[in-house]
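**Student:** First the structure, which I've put down as structure tokens, then a few questions once you've had a look.
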Amino acid sequence: MFGGTSPLGLLVGGTLTKMGSQCIYPYRQTATIWDDRFKELKTTADLGYKTYMKLTDFTSEKEIAYTLRDSNVVISCIGSHVWAKKEKDFEDSNIRVPVAIAKAVKNNPKVKRLIMFSAAGADPNSHSRRLRTKWIGEQ
């Protein structure tokens, strides 16, 4: 589950682990396991199993492929945060990371399904940088 620390990721991951699923939460290098964003995640595994994997580069297909090596379903809730102000931040979270995840999934024969959450209203002609870059990432 990519983007597991988002509000949507907490809901989806919590529901999956309550059903007994095993969930892997990759996270960025800037966070630690004791970060406030993980506080809610720690209590979500009810019947299932969860683990955290620290990645140094979310745009690296090699690192993402390592996290997916035993997965059969990949869920991506990656998106730009409220604090993202530069065009590069939007491009990283909405274009480069989803593309790297999709390529890693394509190259892994064990993965049967990719579920990618995006944004309603994504449009190449939108005035919003977030919606423009979301549209490009979807393509």
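Just remember, in the structure tokens the first chain shown is A, the second B, etc., residues are 1-based per chain, and ligands are 1-based in the order shown.
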Identify all residues of stretch 53-86 of chain A in strand (DSSP E) (DSSP on the backbone) and supply them as a list in words.
**Tutor:** Met53, Lys54, Val73, Val74, Ile75 and Ser76 of chain A
**Student:** Print the selection's residues with N, CA, C and O atoms to a file, as a PDB file, in the first residue's frame.
**Tutor:**
```pdb
ATOM      1  N   MET A  53       8.349  -0.529   5.210  1.00  0.00           N
ATOM      2  CA  MET A  53       9.613  -0.597   4.475  1.00  0.00           C
ATOM      3  C   MET A  53      10.059   0.819   4.142  1.00  0.00           C
ATOM      4  O   MET A  53       9.297   1.578   3.540  1.00  0.00           O
ATOM      5  N   LYS A  54      11.254   1.135   4.514  1.00  0.00           N
ATOM      6  CA  LYS A  54      11.794   2.471   4.248  1.00  0.00           C
ATOM      7  C   LYS A  54      12.459   2.485   2.878  1.00  0.00           C
ATOM      8  O   LYS A  54      13.344   1.681   2.600  1.00  0.00           O
ATOM      9  N   VAL A  73      -1.505  -7.906  -4.995  1.00  0.00           N
ATOM     10  CA  VAL A  73      -2.293  -6.700  -5.250  1.00  0.00           C
ATOM     11  C   VAL A  73      -1.496  -5.500  -4.761  1.00  0.00           C
ATOM     12  O   VAL A  73      -0.896  -5.545  -3.690  1.00  0.00           O
ATOM     13  N   VAL A  74      -1.476  -4.449  -5.556  1.00  0.00           N
ATOM     14  CA  VAL A  74      -0.783  -3.216  -5.185  1.00  0.00           C
ATOM     15  C   VAL A  74      -1.800  -2.093  -5.182  1.00  0.00           C
ATOM     16  O   VAL A  74      -2.566  -1.934  -6.136  1.00  0.00           O
ATOM     17  N   ILE A  75      -1.820  -1.332  -4.093  1.00  0.00           N
ATOM     18  CA  ILE A  75      -2.729  -0.195  -3.966  1.00  0.00           C
ATOM     19  C   ILE A  75      -1.901   1.067  -3.816  1.00  0.00           C
ATOM     20  O   ILE A  75      -0.979   1.110  -3.007  1.00  0.00           O
ATOM     21  N   SER A  76      -2.235   2.078  -4.601  1.00  0.00           N
ATOM     22  CA  SER A  76      -1.518   3.345  -4.535  1.00  0.00           C
ATOM     23  C   SER A  76      -2.481   4.461  -4.175  1.00  0.00           C
ATOM     24  O   SER A  76      -3.431   4.734  -4.909  1.00  0.00           O
TER      25      SER A  76
END
```
**Student:** When distances are computed from only C-alpha atoms, which of A:Asn72, A:Val105, A:Gly79, A:Arg96 shows the smallest separation from A:Pro7?
**Tutor:**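 Closest candidate: A:Gly79.
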**Student:** Fewer than 6 positions away in the same chain doesn't count, so skip those; otherwise give me all residues within 7 Å of A:Ala104, counting only C-alpha atoms, as a list in words.
**Tutor:**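 Listing them by chain and then by number gives Glu61, Ile64 and Ala65 of chain A.
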**Student:** Write a file of the selected residues as a compact mmCIF listing (two decimals), in the first residue's frame, keeping N, CA and C atoms.
**Tutor:**
```txt
# COMPACT_ATOMS: atom_id res chain seq x y z
N GLU A 61 12.40 2.32 -9.74
CA GLU A 61 11.66 1.09 -10.02
C GLU A 61 12.28 -0.10 -9.29
N ILE A 64 11.05 -0.06 -5.67
CA ILE A 64 9.63 -0.38 -5.62
C ILE A 64 9.42 -1.86 -5.95
N ALA A 65 10.16 -2.38 -6.92
CA ALA A 65 10.05 -3.80 -7.26
C ALA A 65 10.42 -4.68 -6.08
```
**Student:** DSSP on the backbone, helix (DSSP H, G or I) only: what residues of chain A does that give? Format it as a ChimeraX atom specification.
**Tutor:** /A:7-18,36-38,41-43,61-67,87-106,129-138
**Student:** Would you mind reading off the distance between atom CA of A:Asp123 and atom CA of A:Glu91, one decimal, in Å?
**Tutor:**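 Separating atom CA of A:Asp123 from atom CA of A:Glu91 is a distance of 14.6 Å.
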**Student:** How far is it from atom CA of A:Val97 to atom CA of A:Pro124, in Å with one decimal?
**Tutor:** 18.4 Å
**Student:** Can you pull out every residue within 10 Å of A:Tyr25, counting only C-alpha atoms, but drop anything in the same chain fewer than 5 positions away, and send it as a list in words?
**Tutor:**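 Residues meeting the cut-off are Met1, Phe2, Gly3, Gly4, Thr5, Gly9, Gly13, Leu41, Lys50, Thr51, Tyr52, Met53, Lys54 and Thr67 of chain A.
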**Student:** Can you tell me how far atom CA of A:Ser93 sits from atom CA of A:Lys110, in Å to one decimal?
**Tutor:** 25.2 Å
**Student:** Point out the residue among A:Ala122, A:Leu68, A:Ile136, A:Met116 with the least atom-to-atom distance to A:Asn94, counting only C-alpha atoms.
**Tutor:**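 Closest to A:Asn94, using only C-alpha atoms: A:Ile136.
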**Student:** With distances taken over only C-alpha atoms, which of A:Ser21, A:Ser126, A:Thr59, A:Ser71 is nearest to A:Pro98?
**Tutor:**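 Nearest candidate to A:Pro98 out of A:Ser21, A:Ser126, A:Thr59, A:Ser71: A:Thr59.
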**Student:** Between A:Ile101, A:Ile115, A:Ile95, A:Val12, single out the one closest to A:Thr133, counting only C-alpha atoms.
**Tutor:**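 Between A:Ile101, A:Ile115, A:Ile95, A:Val12, the residue approaching A:Thr133 most closely is A:Ile95.
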